[in-house]
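Please read the structure below before turning to the comments.
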Amino acid sequence: MIKFLLKRAALTLPTFVALMFVTFTMIRLVPGDPIEVRRGERGISPERLAELRHDMGLDQPIWKQFFDYVWALLHGDFGTSIVSKTPITTEFFTLFPATLELGLCAMLFAVLIGVPAGVIAAAKRGSFYDQSMMGIALVGYSMPIFWWGLILILFMSNTLHLTPVSGRVDLIKFFYKPITGFALIDSVLSGQKGAFLDVLRHLILPTIVLGTVPLGVVARMTRSSMLEVLEEDYVRTAKAKGLTKFRVIGYHALRNALIPVVTVIGLQIGSLLAGTVLTETIFSWPGVGHWLVQSIGRRDYPALQGGIMLIASMVIVVNFLIDMLYGLINPRIRHGR
Amino acid sequence: MKTRHLIATAMLMSTMLVGAAAQAKSLVYCSEGSPENFTPAMNTTGTSLDAARPVYNKLVQFTPGTTTVEPGLAEKYDISADGKVITFHLRKGVKFHSGVNGFTPTRDLTAEDVIWSFERQSKPDHPYAKVSAGAYDYFNDMGMPDLLASIAKGADDLTVVMTLKEPNAPIMANLAMDFATIQSAEYADFLMKKGTPEQFDQIPVGTGPFIFVDYQKDAVIRFKANPDYWGGKPKVDDLIYAITPDATARYAKMKANECQIMVAPNPADLAAMGKDGDIQLLQQAGLNVGYLSMNAMKAPFDKVEVRQAINMAIDKAAILKEVYQGAGQPAKNPLPPTIWSYDDSTVDYTYDPVKAKEMLTKAGVTSLDTDLWWMPVQRPYNPNAKRMAEMMQSDLEKVGIHAKLVSYEWGEYRKRLQAGEHQMGLLGWTGDNGDPDNFLFLLSCKADGTPAGQNIAKWCNKDFDAKLLEARKITDQAARSKIYAEMQAIFKKEAPWMTIAHSTVFEPVRKEVSGYKVSPLGAHEFQNVDVAE
């Protein structure tokens with residue numbers, strides 16, 4: 001097991017190095033200079049530009065900039081934002097809880113609706129319910145997030161007045177300083193009556209918007225996986241034993257059908273992060289997705305490098321842990337067979 | 001019985017009054033983004049300047065909704081006969097905000113704060129000069145390092161003497177700009193001793209109408225009314241900036257009354273906003289100009305006849321209709337009409353492709369392959385540069401000019417224009433302070449006769465430059481106006497630009513809002529705003 005652990009850890013290292021290199025170079029391939037891009041029609045004299053570039057170290061040879069960056073990273077220094085002059089880690093960890101909270105809610109929404117919908121569709125294969133459910137799932141999967149978000153705001157908030165338009169909490173009624181960064185937890189910690197429910201109301205639309213695509217994927221995956229499992233011998237045996245349909249499907253079949261579904265949920269995390277960029281912009285959600293897009297516009301190299309590195313590191317670490325978990329569950333992986 | 005009735009009524013009335021007093025009046029402004037920091041001297045973007053403005057004051061300020069300069073922290077000022085020495089007399093008893101970030105001021109505003117605020121930008125050895133990697137762009141752009149000889153305490157603590165190297169008439173308009181904000185030297189000292197000087201630019205303490213309460217990045221900025229404000233307590237108790245990056249979401253929030261004032265509406269939403277009974281769509285002529293510059297250093301644009309012909313070859317009215325969709329007025333001068341000294345007697349070139357072609361032939365241009373650059377971004381003075389360039393290309397084709405459309409990433413675009421790589425290029429300008437100099441300097445040249453950085457037409461005219469310098473040395477506005485009118489005449493005759501349009505600025509506010517004025521300078525100010533319950 002230790003050998004396997006070390007082997008996996010060794011494989012992770014080159015991924016980090018490649019990541020550092022790719023983030024560093026890709027950002028610099030985007031045309032535009034972080035100083036000039038902020039000057040607009042005011043322009044800047046070549047002398048002043050040279051002075052500012054020198055202050056930021058942008059006049060150094062590119063290889064030196066890269067090695068300085070790597071050296072700083074090895075010392076845990078992700079740099080300072082060119083725009084706000086704040087350390088990247090401070091900015092990132094201020095905003096990340098909002099993204100995580102929204103992502104978890106969206107995933108919960110996708111699983112809580114997608115799995116039962118997929119199971120029922122499989123159990124009633126070929127029925128009107130099955131056809132329509134899978135049709136809706138396909139639409140959900142193909143839904144353009146921006147359009148979907150705006151339609152929901154216009155309908156739910158402006159027409160029916162059921163949900164707030166955007167933000168995380170009613171700014172007039174409630175005021176508390178974030179402690180954890182998770183609005184659901186902070187609202188409870190604030191002790192302000194009604195704050196938690198208000199945060200929940202604010203979460204409804206962004207959760208639906210961000211969760212729609214994974215919901216489609218989860219529902220379709222659950223259905224196809226269930227259909228496969230329902231053909232298995234042990235299901236037939238369970239049925240022959242006279243077990244209720246609910247017990248056969250809910251207990252015997254579902255547990256086995258969920259394995260690929262869980263894998264798909266894991267894979268959805270990447271697309272979920274991509275979805276947060278738009279969802280956060282529409283719903284004024286103070287998360288890292290919107291922050292990264294702004295950083296591209298401003299050519300804030302350190303923010304982009306640091307932000308992408310931090311997100312990618314988390315994905316790598318989570319993948320590493322999942323690999324470990326698979327190794328524990330399945331000895332064939334552990335022993336390389 | 002009657003007495004009991006009276007007592008009960010009185011009790012009910014008092015409860016209602018207490019209730020009303022207890023309920024704070026809030027104003028929510030849907031802003032566009034997070035500020036870079038809260039020190040205006042280090043910022044150039046409207047979003048950042050708007051975020052700090054409620055907290056601070058300047059020596060002089062713009063009357064809300066205008067470009068007129070009025071007294072601010074300086075209740076009056078005197079200018080010496082030679083125009084080089086300005087003596088500011090500060091208001092007495094101006095309080096800095098107390099209780100923010102653990103700071104309690106021990107004194108009122110004095111000359112020390114004014115000197116501190118300017119010297120941070122002018123002296124590299126100032127203890128705060130390098131804090132937050134300070135770059136003081138506006139101070140430099142407005143030519144302050146070359147202009148400011150010294151700033152010192154006058155006869156008493158409430159007198160500041162600013163000495164200039166040469167007389168400069170636009171200086172008062174410059175000093176009403178945000179970079180000239182006055183900050184607290186005592187607060188700076190307090191933080192320096194605490195070892196956290198960078199907090200100075202993140203947690204602001206000023207003398208302004210609102211006190212900073214809290215800021216959560218990409219979410220919200222909170223202020224509360226300053227009860228001791230020298231200009232009188234603001235009408236709302238709480239001012240909240242709800243950071244809402246998407247324009248459609250801002251409009252939806254306005255409709256749901258989640259915010260009462262919003263920045264930058266989507267042009268496509270303006271028609272609906274105009275019809276919405278809950279919204280007042282305020283508008284004002286923008287202090288801007290969109291133009292097509294012709295590179296006078298490159299043939300055949302070095303010939304005045306060619307530049308004039310291009311002015312006549314392009315159908316401006318069609319551009320106004322198609323690109324600005326009615327939200328703009330044709331520009332005939334380099335100055336917008338809202339600026340004093342605007343010469344309304346200027347006669348614009350009429351759209352006449354036949355005459356334009358004749359003029360071109362006369363100038364020896366029968367067929368020309370050239371380029372036409374368009375900005376890749378939407379700007380207040382030009383909502384759709386690409387469409388504009390396409391329309392111009394089509395018009396020019398009719399007179400035998402084949403223009404290739406060119407564009408680059410925005411920063412790169414501006415840099416290449418400055419380097420003079422273009423032959424014809426679209427750009428524009430939004431005024432900083434309402435002084436005519438702030439527009440006409442765009443066409444100035446250096447003493448050696450080479451174009452200054454902003455002059456992308458690369459057009460130099462000695463007479464024009466001499467008049468620009470002359471007007472700077474005169475403080476009498478009527479005399480300056482006369483010179484600027486002459487400069488506008490030179491400009492029109494020489495035609496280094498084809499002036500296209502001055503756009504209209506729209507600002508939607510809820511019907512409950514009163515006292516809000518649209519600033520021609522693009523500022524958002526709330527000290528006089530009230531919200532009906």
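We name chains A, B, ... following the order of the structure tokens; residues begin at 1 in each chain, and ligands are numbered from 1 as shown.
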
In segment 254-390 of chain B, what's strand (DSSP E or B) per DSSP? Answer as a PyMOL selection string? chain B and resi 261-262+279-285+288-294+328-330+368-373+379+382

If we count only C-alpha atoms, which residues of chain A reach to within 9 Å of chain B? Please list them as a PyMOL selection string. chain A and resi 31-45+52+55+83-86+91+94-95+150+153-154+157-158+161+164-168+170-172+177-178+281-287+290-291

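In this structure, atom CA of Ile120 of chain A sits 10.9 Å away from atom CA of Leu254 of chain A.
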
From segment 247-295 of chain A, collect each residue whose DSSP state is alpha helix (DSSP H) and return the set as a count of residues only. 38

Identify which of the residues A:Phe4, A:Arg28, A:Thr12, A:Arg223 lies closest to Asp300 of chain A, counting only C-alpha atoms when measuring atom-to-atom distances. A:Arg28
